[in-house]
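Note: the block below is data.pdb and it holds PDB, C-alpha atoms.
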MODEL        1
ATOM      1  CA  MET M   1      32.010  10.485  24.578
ATOM      2  CA  ALA M   2      31.571   8.999  28.038
ATOM      3  CA  SER M   3      34.158  11.279  29.611
ATOM      4  CA  SER M   4      32.746  14.442  28.044
ATOM      5  CA  LYS M   5      29.291  13.487  29.245
ATOM      6  CA  GLY M   6      30.725  12.725  32.685
ATOM      7  CA  GLY M   7      32.150  16.227  32.865
ATOM      8  CA  GLY M   8      28.772  17.694  31.993
ATOM      9  CA  MET M   9      26.979  15.629  34.586
ATOM     10  CA  GLU M  10      28.672  17.523  37.438
ATOM     11  CA  LYS M  11      26.639  20.593  36.627
ATOM     12  CA  MET M  12      23.313  18.832  36.227
ATOM     13  CA  SER M  13      20.471  18.977  38.683
ATOM     14  CA  VAL M  14      19.441  15.956  40.722
ATOM     15  CA  GLU M  15      16.336  15.488  38.586
ATOM     16  CA  GLN M  16      18.331  15.512  35.361
ATOM     17  CA  LEU M  17      20.795  13.020  36.784
ATOM     18  CA  LYS M  18      17.990  10.754  37.867
ATOM     19  CA  ALA M  19      16.490  10.918  34.391
ATOM     20  CA  ILE M  20      19.837  10.075  32.777
ATOM     21  CA  LYS M  21      20.394   7.200  35.159
ATOM     22  CA  GLU M  22      16.960   5.777  34.456
ATOM     23  CA  GLN M  23      17.366   6.166  30.723
ATOM     24  CA  THR M  24      20.788   4.514  30.567
ATOM     25  CA  ASP M  25      19.669   1.722  32.895
ATOM     26  CA  LEU M  26      16.794   1.027  30.533
ATOM     27  CA  GLU M  27      19.156   0.926  27.583
ATOM     28  CA  VAL M  28      21.609  -1.315  29.399
ATOM     29  CA  ASN M  29      18.803  -3.754  30.173
ATOM     30  CA  LEU M  30      17.658  -3.755  26.553
ATOM     31  CA  LEU M  31      21.181  -4.426  25.371
ATOM     32  CA  GLN M  32      21.541  -7.224  27.917
ATOM     33  CA  ASP M  33      18.390  -8.834  26.520
ATOM     34  CA  SER M  34      19.774  -8.587  22.997
ATOM     35  CA  LEU M  35      23.028 -10.129  24.126
ATOM     36  CA  ASN M  36      21.162 -13.015  25.731
ATOM     37  CA  ASN M  37      19.189 -13.559  22.533
ATOM     38  CA  ILE M  38      22.370 -13.647  20.499
ATOM     39  CA  ARG M  39      23.871 -16.099  22.965
ATOM     40  CA  THR M  40      20.938 -18.524  22.644
ATOM     41  CA  ALA M  41      20.924 -18.169  18.855
ATOM     42  CA  THR M  42      24.639 -18.941  18.731
ATOM     43  CA  SER M  43      24.260 -22.018  20.898
ATOM     44  CA  ARG M  44      21.422 -23.250  18.685
ATOM     45  CA  LEU M  45      23.539 -22.810  15.578
ATOM     46  CA  GLU M  46      26.429 -24.562  17.278
ATOM     47  CA  SER M  47      24.244 -27.542  18.139
ATOM     48  CA  ALA M  48      22.947 -27.587  14.560
ATOM     49  CA  SER M  49      26.535 -27.580  13.329
ATOM     50  CA  THR M  50      27.525 -30.501  15.553
ATOM     51  CA  ALA M  51      24.364 -32.364  14.519
ATOM     52  CA  LEU M  52      25.329 -31.906  10.866
ATOM     53  CA  HIS M  53      28.830 -33.113  11.572
ATOM     54  CA  ASP M  54      27.409 -36.150  13.371
ATOM     55  CA  LEU M  55      25.104 -36.880  10.468
ATOM     56  CA  SER M  56      27.876 -36.624   7.911
ATOM     57  CA  LEU M  57      29.793 -39.390   9.685
ATOM     58  CA  ARG M  58      26.954 -41.920   9.348
ATOM     59  CA  PRO M  59      27.013 -44.217   6.350
ATOM     60  CA  GLN M  60      24.035 -44.487   4.001
ATOM     61  CA  GLY M  61      21.498 -47.033   5.260
ATOM     62  CA  ALA M  62      22.456 -46.589   8.904
ATOM     63  CA  LYS M  63      19.716 -47.608  11.299
ATOM     64  CA  MET M  64      18.313 -45.009  13.628
ATOM     65  CA  LEU M  65      15.309 -44.046  15.717
ATOM     66  CA  VAL M  66      13.480 -40.970  14.529
ATOM     67  CA  PRO M  67      11.639 -38.903  17.126
ATOM     68  CA  LEU M  68       7.996 -38.287  16.192
ATOM     69  CA  THR M  69       7.247 -36.686  19.554
ATOM     70  CA  ALA M  70       9.454 -36.150  22.565
ATOM     71  CA  SER M  71       8.630 -39.642  23.796
ATOM     72  CA  LEU M  72       7.750 -41.616  20.639
ATOM     73  CA  TYR M  73      10.448 -42.916  18.327
ATOM     74  CA  VAL M  74      10.080 -44.968  15.153
ATOM     75  CA  PRO M  75      12.848 -46.980  13.497
ATOM     76  CA  GLY M  76      14.278 -45.612  10.268
ATOM     77  CA  THR M  77      17.261 -45.845   7.989
ATOM     78  CA  LEU M  78      19.419 -43.004   6.802
ATOM     79  CA  ASP M  79      18.881 -42.510   3.089
ATOM     80  CA  ASP M  80      21.173 -39.711   2.022
ATOM     81  CA  ALA M  81      23.250 -37.511   4.298
ATOM     82  CA  ARG M  82      24.911 -35.572   1.514
ATOM     83  CA  LYS M  83      22.045 -33.113   1.013
ATOM     84  CA  VAL M  84      20.404 -31.083   3.760
ATOM     85  CA  LEU M  85      17.615 -28.527   3.854
ATOM     86  CA  VAL M  86      18.544 -25.287   5.564
ATOM     87  CA  ASP M  87      16.028 -22.812   6.963
ATOM     88  CA  ILE M  88      17.362 -19.408   5.955
ATOM     89  CA  GLY M  89      14.523 -17.482   7.591
ATOM     90  CA  THR M  90      11.100 -15.987   6.707
ATOM     91  CA  GLY M  91       9.870 -19.396   5.581
ATOM     92  CA  TYR M  92      12.507 -20.053   2.935
ATOM     93  CA  PHE M  93      14.404 -23.330   2.857
ATOM     94  CA  VAL M  94      17.367 -24.067   0.637
ATOM     95  CA  GLU M  95      18.789 -27.428  -0.340
ATOM     96  CA  LYS M  96      22.493 -27.485   0.368
ATOM     97  CA  THR M  97      25.222 -30.088   0.383
ATOM     98  CA  MET M  98      26.623 -31.168   3.709
ATOM     99  CA  ASP M  99      29.677 -28.936   3.360
ATOM    100  CA  GLU M 100      27.588 -25.939   2.326
ATOM    101  CA  GLY M 101      25.326 -26.549   5.305
ATOM    102  CA  LYS M 102      28.259 -26.591   7.690
ATOM    103  CA  ASP M 103      29.627 -23.494   6.002
ATOM    104  CA  TYR M 104      26.248 -21.800   6.491
ATOM    105  CA  CYS M 105      26.333 -22.508  10.233
ATOM    106  CA  GLU M 106      29.902 -21.251  10.481
ATOM    107  CA  ARG M 107      29.025 -18.042   8.676
ATOM    108  CA  LYS M 108      25.991 -17.380  10.843
ATOM    109  CA  ILE M 109      27.958 -18.058  14.022
ATOM    110  CA  ASN M 110      30.676 -15.650  12.923
ATOM    111  CA  LEU M 111      28.102 -12.997  12.046
ATOM    112  CA  LEU M 112      26.491 -13.368  15.459
ATOM    113  CA  LYS M 113      29.870 -13.230  17.160
ATOM    114  CA  SER M 114      30.808  -9.963  15.483
ATOM    115  CA  ASN M 115      27.394  -8.508  16.379
ATOM    116  CA  PHE M 116      27.869  -9.739  19.918
ATOM    117  CA  ASP M 117      31.243  -8.006  20.229
ATOM    118  CA  GLN M 118      29.824  -4.748  18.908
ATOM    119  CA  LEU M 119      26.907  -4.882  21.312
ATOM    120  CA  ILE M 120      29.148  -5.679  24.269
ATOM    121  CA  GLU M 121      31.151  -2.564  23.518
ATOM    122  CA  VAL M 122      28.048  -0.372  23.447
ATOM    123  CA  ALA M 123      26.669  -2.032  26.573
ATOM    124  CA  THR M 124      29.842  -1.438  28.588
ATOM    125  CA  LYS M 125      29.929   2.191  27.476
ATOM    126  CA  LYS M 126      26.330   2.683  28.576
ATOM    127  CA  LYS M 127      27.052   0.924  31.820
ATOM    128  CA  THR M 128      29.917   3.290  32.646
ATOM    129  CA  ILE M 129      27.694   6.288  31.912
ATOM    130  CA  SER M 130      25.020   4.886  34.194
ATOM    131  CA  ASP M 131      27.577   4.184  36.936
ATOM    132  CA  GLU M 132      29.040   7.657  36.612
ATOM    133  CA  ALA M 133      25.586   9.190  36.893
ATOM    134  CA  ALA M 134      24.911   7.072  39.972
ATOM    135  CA  VAL M 135      28.139   8.199  41.666
ATOM    136  CA  ILE M 136      27.524  11.887  40.970
ATOM    137  CA  LEU M 137      23.903  11.536  42.011
ATOM    138  CA  GLN M 138      24.978   9.994  45.325
ATOM    139  CA  ALA M 139      27.461  12.781  45.928
ATOM    140  CA  LYS M 140      24.857  15.450  45.186
ATOM    141  CA  LEU M 141      22.306  13.858  47.470
ATOM    142  CA  LYS M 142      24.893  13.711  50.241
ATOM    143  CA  GLN M 143      25.666  17.382  49.713
ATOM    144  CA  LEU M 144      21.996  18.258  49.861
ATOM    145  CA  ALA M 145      21.181  16.212  52.955
ATOM    146  CA  PRO M 146      23.127  18.261  55.572
ATOM    147  CA  ALA M 147      22.052  21.497  53.895
ATOM    148  CA  SER M 148      18.366  20.684  54.298
ATOM    149  CA  SER M 149      18.717  19.474  57.900
ATOM    150  CA  SER M 150      20.481  22.590  59.118
TER     151      SER M 150
ATOM    152  CA  MET B 151     -13.558  35.260  44.206
ATOM    153  CA  GLY B 152     -12.782  35.841  40.550
ATOM    154  CA  SER B 153      -9.282  34.524  40.919
ATOM    155  CA  ALA B 154     -10.543  31.290  42.501
ATOM    156  CA  ALA B 155     -12.819  30.653  39.523
ATOM    157  CA  ALA B 156      -9.980  31.412  37.140
ATOM    158  CA  LEU B 157      -7.768  29.022  39.064
ATOM    159  CA  ARG B 158     -10.318  26.260  38.780
ATOM    160  CA  GLU B 159     -10.645  26.946  35.085
ATOM    161  CA  LEU B 160      -6.888  26.720  34.624
ATOM    162  CA  GLN B 161      -6.675  23.518  36.588
ATOM    163  CA  ARG B 162      -9.336  21.962  34.379
ATOM    164  CA  GLU B 163      -7.386  23.074  31.348
ATOM    165  CA  LEU B 164      -4.232  21.541  32.794
ATOM    166  CA  GLU B 165      -6.004  18.257  33.335
ATOM    167  CA  THR B 166      -7.283  17.974  29.754
ATOM    168  CA  LYS B 167      -3.852  18.886  28.426
ATOM    169  CA  ALA B 168      -2.210  16.265  30.625
ATOM    170  CA  ASN B 169      -4.661  13.694  29.304
ATOM    171  CA  ASP B 170      -3.840  14.676  25.739
ATOM    172  CA  LEU B 171      -0.148  14.385  26.499
ATOM    173  CA  SER B 172      -0.455  10.903  27.944
ATOM    174  CA  LYS B 173      -2.484   9.864  24.903
ATOM    175  CA  LEU B 174       0.258  11.181  22.639
ATOM    176  CA  GLN B 175       2.883   9.365  24.649
ATOM    177  CA  LYS B 176       0.923   6.145  24.353
ATOM    178  CA  ASP B 177       0.780   6.599  20.584
ATOM    179  CA  ILE B 178       4.513   7.189  20.466
ATOM    180  CA  GLY B 179       5.095   4.026  22.466
ATOM    181  CA  LYS B 180       2.886   2.075  20.063
ATOM    182  CA  ASN B 181       4.766   3.521  17.127
ATOM    183  CA  HIS B 182       8.051   2.421  18.671
ATOM    184  CA  GLN B 183       6.773  -1.099  19.114
ATOM    185  CA  VAL B 184       5.530  -1.420  15.554
ATOM    186  CA  ARG B 185       8.767   0.044  14.272
ATOM    187  CA  LYS B 186      10.783  -2.441  16.265
ATOM    188  CA  LYS B 187       8.797  -5.290  14.732
ATOM    189  CA  TYR B 188       9.348  -3.989  11.217
ATOM    190  CA  THR B 189      13.041  -3.365  11.804
ATOM    191  CA  ILE B 190      13.479  -6.965  12.920
ATOM    192  CA  GLN B 191      11.604  -8.213   9.856
ATOM    193  CA  LEU B 192      13.670  -6.011   7.588
ATOM    194  CA  GLY B 193      16.886  -7.402   9.029
ATOM    195  CA  GLU B 194      15.672 -10.969   8.616
ATOM    196  CA  ASN B 195      14.613 -10.388   5.035
ATOM    197  CA  GLU B 196      17.933  -8.798   4.196
ATOM    198  CA  LEU B 197      19.733 -11.819   5.599
ATOM    199  CA  VAL B 198      17.550 -14.099   3.467
ATOM    200  CA  LEU B 199      18.223 -12.005   0.374
ATOM    201  CA  LYS B 200      21.960 -12.194   1.015
ATOM    202  CA  GLU B 201      21.699 -15.946   1.448
ATOM    203  CA  LEU B 202      19.700 -16.325  -1.769
ATOM    204  CA  GLY B 203      22.303 -14.231  -3.557
ATOM    205  CA  LEU B 204      25.003 -16.708  -2.580
ATOM    206  CA  LEU B 205      23.239 -19.653  -4.220
ATOM    207  CA  ASN B 206      24.005 -21.074  -7.654
ATOM    208  CA  GLU B 207      21.517 -20.747 -10.436
ATOM    209  CA  GLY B 208      20.116 -24.272 -10.156
ATOM    210  CA  ALA B 209      19.756 -24.430  -6.378
ATOM    211  CA  ASN B 210      16.549 -25.888  -4.977
ATOM    212  CA  VAL B 211      14.607 -23.347  -2.964
ATOM    213  CA  TYR B 212      11.504 -24.174  -0.977
ATOM    214  CA  LYS B 213       8.941 -21.896   0.590
ATOM    215  CA  LEU B 214       7.135 -22.884   3.755
ATOM    216  CA  ILE B 215       3.411 -22.411   3.175
ATOM    217  CA  GLY B 216       1.517 -23.507   6.233
ATOM    218  CA  PRO B 217       2.988 -26.885   7.135
ATOM    219  CA  VAL B 218       4.174 -27.799   3.605
ATOM    220  CA  LEU B 219       7.336 -26.948   1.741
ATOM    221  CA  VAL B 220       6.651 -25.825  -1.808
ATOM    222  CA  LYS B 221       9.393 -25.697  -4.357
ATOM    223  CA  GLN B 222      10.006 -22.259  -5.744
ATOM    224  CA  ASP B 223      12.124 -20.702  -8.449
ATOM    225  CA  LEU B 224      15.243 -18.976  -7.186
ATOM    226  CA  ALA B 225      14.406 -15.904  -9.281
ATOM    227  CA  GLU B 226      10.863 -15.863  -7.949
ATOM    228  CA  ALA B 227      12.047 -16.169  -4.350
ATOM    229  CA  ASN B 228      14.526 -13.381  -4.942
ATOM    230  CA  ALA B 229      11.826 -11.113  -6.365
ATOM    231  CA  ASN B 230       9.477 -11.935  -3.481
ATOM    232  CA  VAL B 231      12.021 -11.081  -0.832
ATOM    233  CA  ARG B 232      12.996  -7.878  -2.635
ATOM    234  CA  LYS B 233       9.381  -6.813  -2.823
ATOM    235  CA  ARG B 234       8.933  -7.521   0.857
ATOM    236  CA  ILE B 235      11.997  -5.464   1.747
ATOM    237  CA  GLU B 236      10.650  -2.604  -0.347
ATOM    238  CA  TYR B 237       7.298  -2.780   1.387
ATOM    239  CA  ILE B 238       8.816  -2.882   4.861
ATOM    240  CA  SER B 239      11.166   0.009   4.076
ATOM    241  CA  ALA B 240       8.248   2.115   2.847
ATOM    242  CA  GLU B 241       6.309   1.224   5.968
ATOM    243  CA  LEU B 242       9.244   2.191   8.168
ATOM    244  CA  LYS B 243       9.531   5.522   6.399
ATOM    245  CA  ARG B 244       5.851   6.172   6.963
ATOM    246  CA  LEU B 245       6.226   5.294  10.652
ATOM    247  CA  ASP B 246       9.179   7.651  10.928
ATOM    248  CA  ALA B 247       7.108  10.493   9.540
ATOM    249  CA  THR B 248       4.230   9.866  11.940
ATOM    250  CA  LEU B 249       6.665   9.549  14.829
ATOM    251  CA  GLN B 250       8.197  12.918  14.027
ATOM    252  CA  ASP B 251       4.745  14.427  13.839
ATOM    253  CA  LEU B 252       3.783  12.902  17.186
ATOM    254  CA  GLU B 253       6.963  14.103  18.832
ATOM    255  CA  GLU B 254       6.382  17.643  17.612
ATOM    256  CA  LYS B 255       2.862  17.527  18.998
ATOM    257  CA  GLN B 256       4.197  16.161  22.261
ATOM    258  CA  ASN B 257       6.703  18.975  22.627
ATOM    259  CA  SER B 258       4.158  21.704  21.941
ATOM    260  CA  LYS B 259       1.768  20.038  24.396
ATOM    261  CA  LYS B 260       4.480  19.985  27.039
ATOM    262  CA  GLU B 261       5.152  23.657  26.482
ATOM    263  CA  ALA B 262       1.457  24.480  26.757
ATOM    264  CA  ILE B 263       1.241  22.536  30.021
ATOM    265  CA  PHE B 264       4.244  24.390  31.366
ATOM    266  CA  LYS B 265       2.630  27.724  30.546
ATOM    267  CA  VAL B 266      -0.614  26.783  32.276
ATOM    268  CA  GLN B 267       1.335  25.644  35.320
ATOM    269  CA  GLN B 268       3.130  28.978  35.418
ATOM    270  CA  ARG B 269      -0.137  30.859  35.275
ATOM    271  CA  ILE B 270      -1.537  28.767  38.091
ATOM    272  CA  GLN B 271       1.550  29.442  40.149
ATOM    273  CA  SER B 272       1.406  33.186  39.595
ATOM    274  CA  LEU B 273      -2.297  33.203  40.477
ATOM    275  CA  GLN B 274      -1.607  31.250  43.667
ATOM    276  CA  ALA B 275       1.254  33.556  44.557
ATOM    277  CA  GLY B 276      -1.048  36.564  44.119
ATOM    278  CA  LYS B 277      -3.659  34.929  46.315
ATOM    279  CA  ALA B 278      -1.118  34.152  49.036
ATOM    280  CA  LYS B 279      -0.112  37.792  49.145
ATOM    281  CA  ALA B 280      -3.702  38.994  49.336
TER     282      ALA B 280
ENDMDL
END

Turn this file's structure into structure tokens for me.
Amino acid sequence: MASSKGGGMEKMSVEQLKAIKEQTDLEVNLLQDSLNNIRTATSRLESASTALHDLSLRPQGAKMLVPLTASLYVPGTLDDARKVLVDIGTGYFVEKTMDEGKDYCERKINLLKSNFDQLIEVATKKKTISDEAAVILQAKLKQLAPASSS
Amino acid sequence: MGSAAALRELQRELETKANDLSKLQKDIGKNHQVRKKYTIQLGENELVLKELGLLNEGANVYKLIGPVLVKQDLAEANANVRKRIEYISAELKRLDATLQDLEEKQNSKKEAIFKVQQRIQSLQAGKAKA
């Protein structure tokens, strides 16, 4: 796909090349944003997973400080760490056991990872198209420059 | 003298057409934005539906209403999410149709603008010769 397009780009006018470059650059940026979003989502899920693991190690009745605000903590005791509530999106929460909760995080992380890999592939393809367009555009402009000065 | 008046007329026509085109393009942009929002919602709802499908019959499901969690039947939650997906899909289809319509209008507008530009050019060329 990229190579066939690259062959076609040789015959294109400067304006067309500029348009293609702009378009692909826009797409590359969009994809980069998506990749960043996936990255933050994955790190959040990973921290949730470690938090769950941490919680599962505490015995029932363990003392702890619960944050009410970022700077105000109240003492509390851990009642039951076997059941957790999981936010599955669009306002729905599901009660799960600790293992199911961890499994949920794992599954989501894997899903995000596979999406991430797919997106990376598309992004690199777009990037090569954009680079190719840039190279050909440069060459064309160089060709045009001496012609116009003479 | 007649050609100058005609030229002015054509230029005015070109201007109104360009305005129409930019309005159309704005509408298309808006359509894209709304569609993006709906596509994201659709994806999220589908994930939720999949998650609900994995649960056992007796699982406790809660719905966040304002700041409170309200317990809800699994079947009811399932039906709600399904209905929402249906609604969003229908909405997306509708947006697709309007987008196609807008794009067709945009293309014909572009063609019309091109024609007017050509006429202006030929008029100017004639004037330059004269």

When you draw a straight line from atom CA of Glu95 of chain M to atom CA of Val211 of chain B, how long is it in Å?
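Atom-to-atom, atom CA of Glu95 of chain M and atom CA of Val211 of chain B are spaced 6.4 Å apart.
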
Decode the ChimeraX specification (/B :<9) & /M for the given file into explicit residues and return them as number ranges by chain.
M: 85, 88-96, 104

Taking 3 positions as the minimum chain separation for residues in the same chain, which residues sit within 10 Å of segment 185-188 of chain B when counting only C-alpha atoms? Answer as a ChimeraX atom specification.
/B:179-182,191-194,235,238-239,241-246,249

When the PyMOL selection byres ((chain M and resi 42) around 12) is applied to the structure above, which residues does it catch, written out as a list in words?
Leu35, Asn36, Asn37, Ile38, Arg39, Thr40, Ala41, Ser43, Arg44, Leu45, Glu46, Ser47, Ala48, Ser49, Cys105, Glu106, Arg107, Lys108, Ile109, Asn110, Leu111, Leu112, Lys113, Ser114, Asn115 and Phe116 of chain M

Produce the centre coordinates and the three edge lengths, each in Å to one decimal, of the box along x, y and z that contains all listed atoms of segment 119-132 of chain M with 5 Å added on each side, as AutoDock Vina command-line options.
--center_x 28.1 --center_y 1.0 --center_z 29.1 --size_x 16.1 --size_y 23.3 --size_z 25.6

Could you pull the residues within 6 Å of Leu65 of chain M, counting all atoms listed in the file, minus those fewer than 6 positions along the same chain, as a PyMOL selection string?
chain M and resi 73-76

Please list as a PDB file with C-alpha atoms, in the frame of the given file every residue within 12 Å of Ala139 of chain M, counting only C-alpha atoms and excluding residues in the same chain fewer than 3 positions away.
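Below is the file around_9.pdb, written as the result:
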ATOM      1  CA  MET M   9      26.979  15.629  34.586  1.00  0.00           C
ATOM      2  CA  GLU M  10      28.672  17.523  37.438  1.00  0.00           C
ATOM      3  CA  SER M  13      20.471  18.977  38.683  1.00  0.00           C
ATOM      4  CA  VAL M  14      19.441  15.956  40.722  1.00  0.00           C
ATOM      5  CA  LEU M  17      20.795  13.020  36.784  1.00  0.00           C
ATOM      6  CA  GLU M 132      29.040   7.657  36.612  1.00  0.00           C
ATOM      7  CA  ALA M 133      25.586   9.190  36.893  1.00  0.00           C
ATOM      8  CA  ALA M 134      24.911   7.072  39.972  1.00  0.00           C
ATOM      9  CA  VAL M 135      28.139   8.199  41.666  1.00  0.00           C
ATOM     10  CA  ILE M 136      27.524  11.887  40.970  1.00  0.00           C
ATOM     11  CA  LYS M 142      24.893  13.711  50.241  1.00  0.00           C
ATOM     12  CA  GLN M 143      25.666  17.382  49.713  1.00  0.00           C
ATOM     13  CA  LEU M 144      21.996  18.258  49.861  1.00  0.00           C
ATOM     14  CA  ALA M 145      21.181  16.212  52.955  1.00  0.00           C
ATOM     15  CA  PRO M 146      23.127  18.261  55.572  1.00  0.00           C
TER      16      PRO M 146
END

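Atom CA of Leu30 of chain M sits 18.4 Å away from atom CA of Lys18 of chain M.
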
One number please: atom CA of Asp170 of chain B to atom CA of Gln23 of chain M, in Å, one decimal.
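If I compute the distance from atom CA of Asp170 of chain B to atom CA of Gln23 of chain M, I get 23.4 Å.
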
Given the choices B:Lys233, B:Ile190, B:Ser153, B:Asp251, which gets closest to Gly276 of chain B if the distance is worked out from only C-alpha atoms?
B:Ser153

Which one of M:Asp33, M:Asp99, M:Thr77, M:Leu137 sits closest to Gln16 of chain M if you count all atoms listed in the file?
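Result for the nearest residue to Gln16 of chain M: M:Leu137.
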
Explicit residues for the PyMOL selection byres ((chain B and resi 270) around 12) (as an MDAnalysis selection string):
chainID B and resid 153:164 263:269 271:277

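Each of B:Glu236, B:Asp177, B:Asp223, B:Glu165 was compared to Glu253 of chain B using all atoms listed in the file, and B:Asp177 turns out to be the nearest.
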
From the set M:Leu78, M:Leu55, M:Ile20, M:Leu31, which residue has the shortest atom-to-atom contact distance to Ile120 of chain M, counting all atoms listed in the file?
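Nearest to Ile120 of chain M: M:Leu31.
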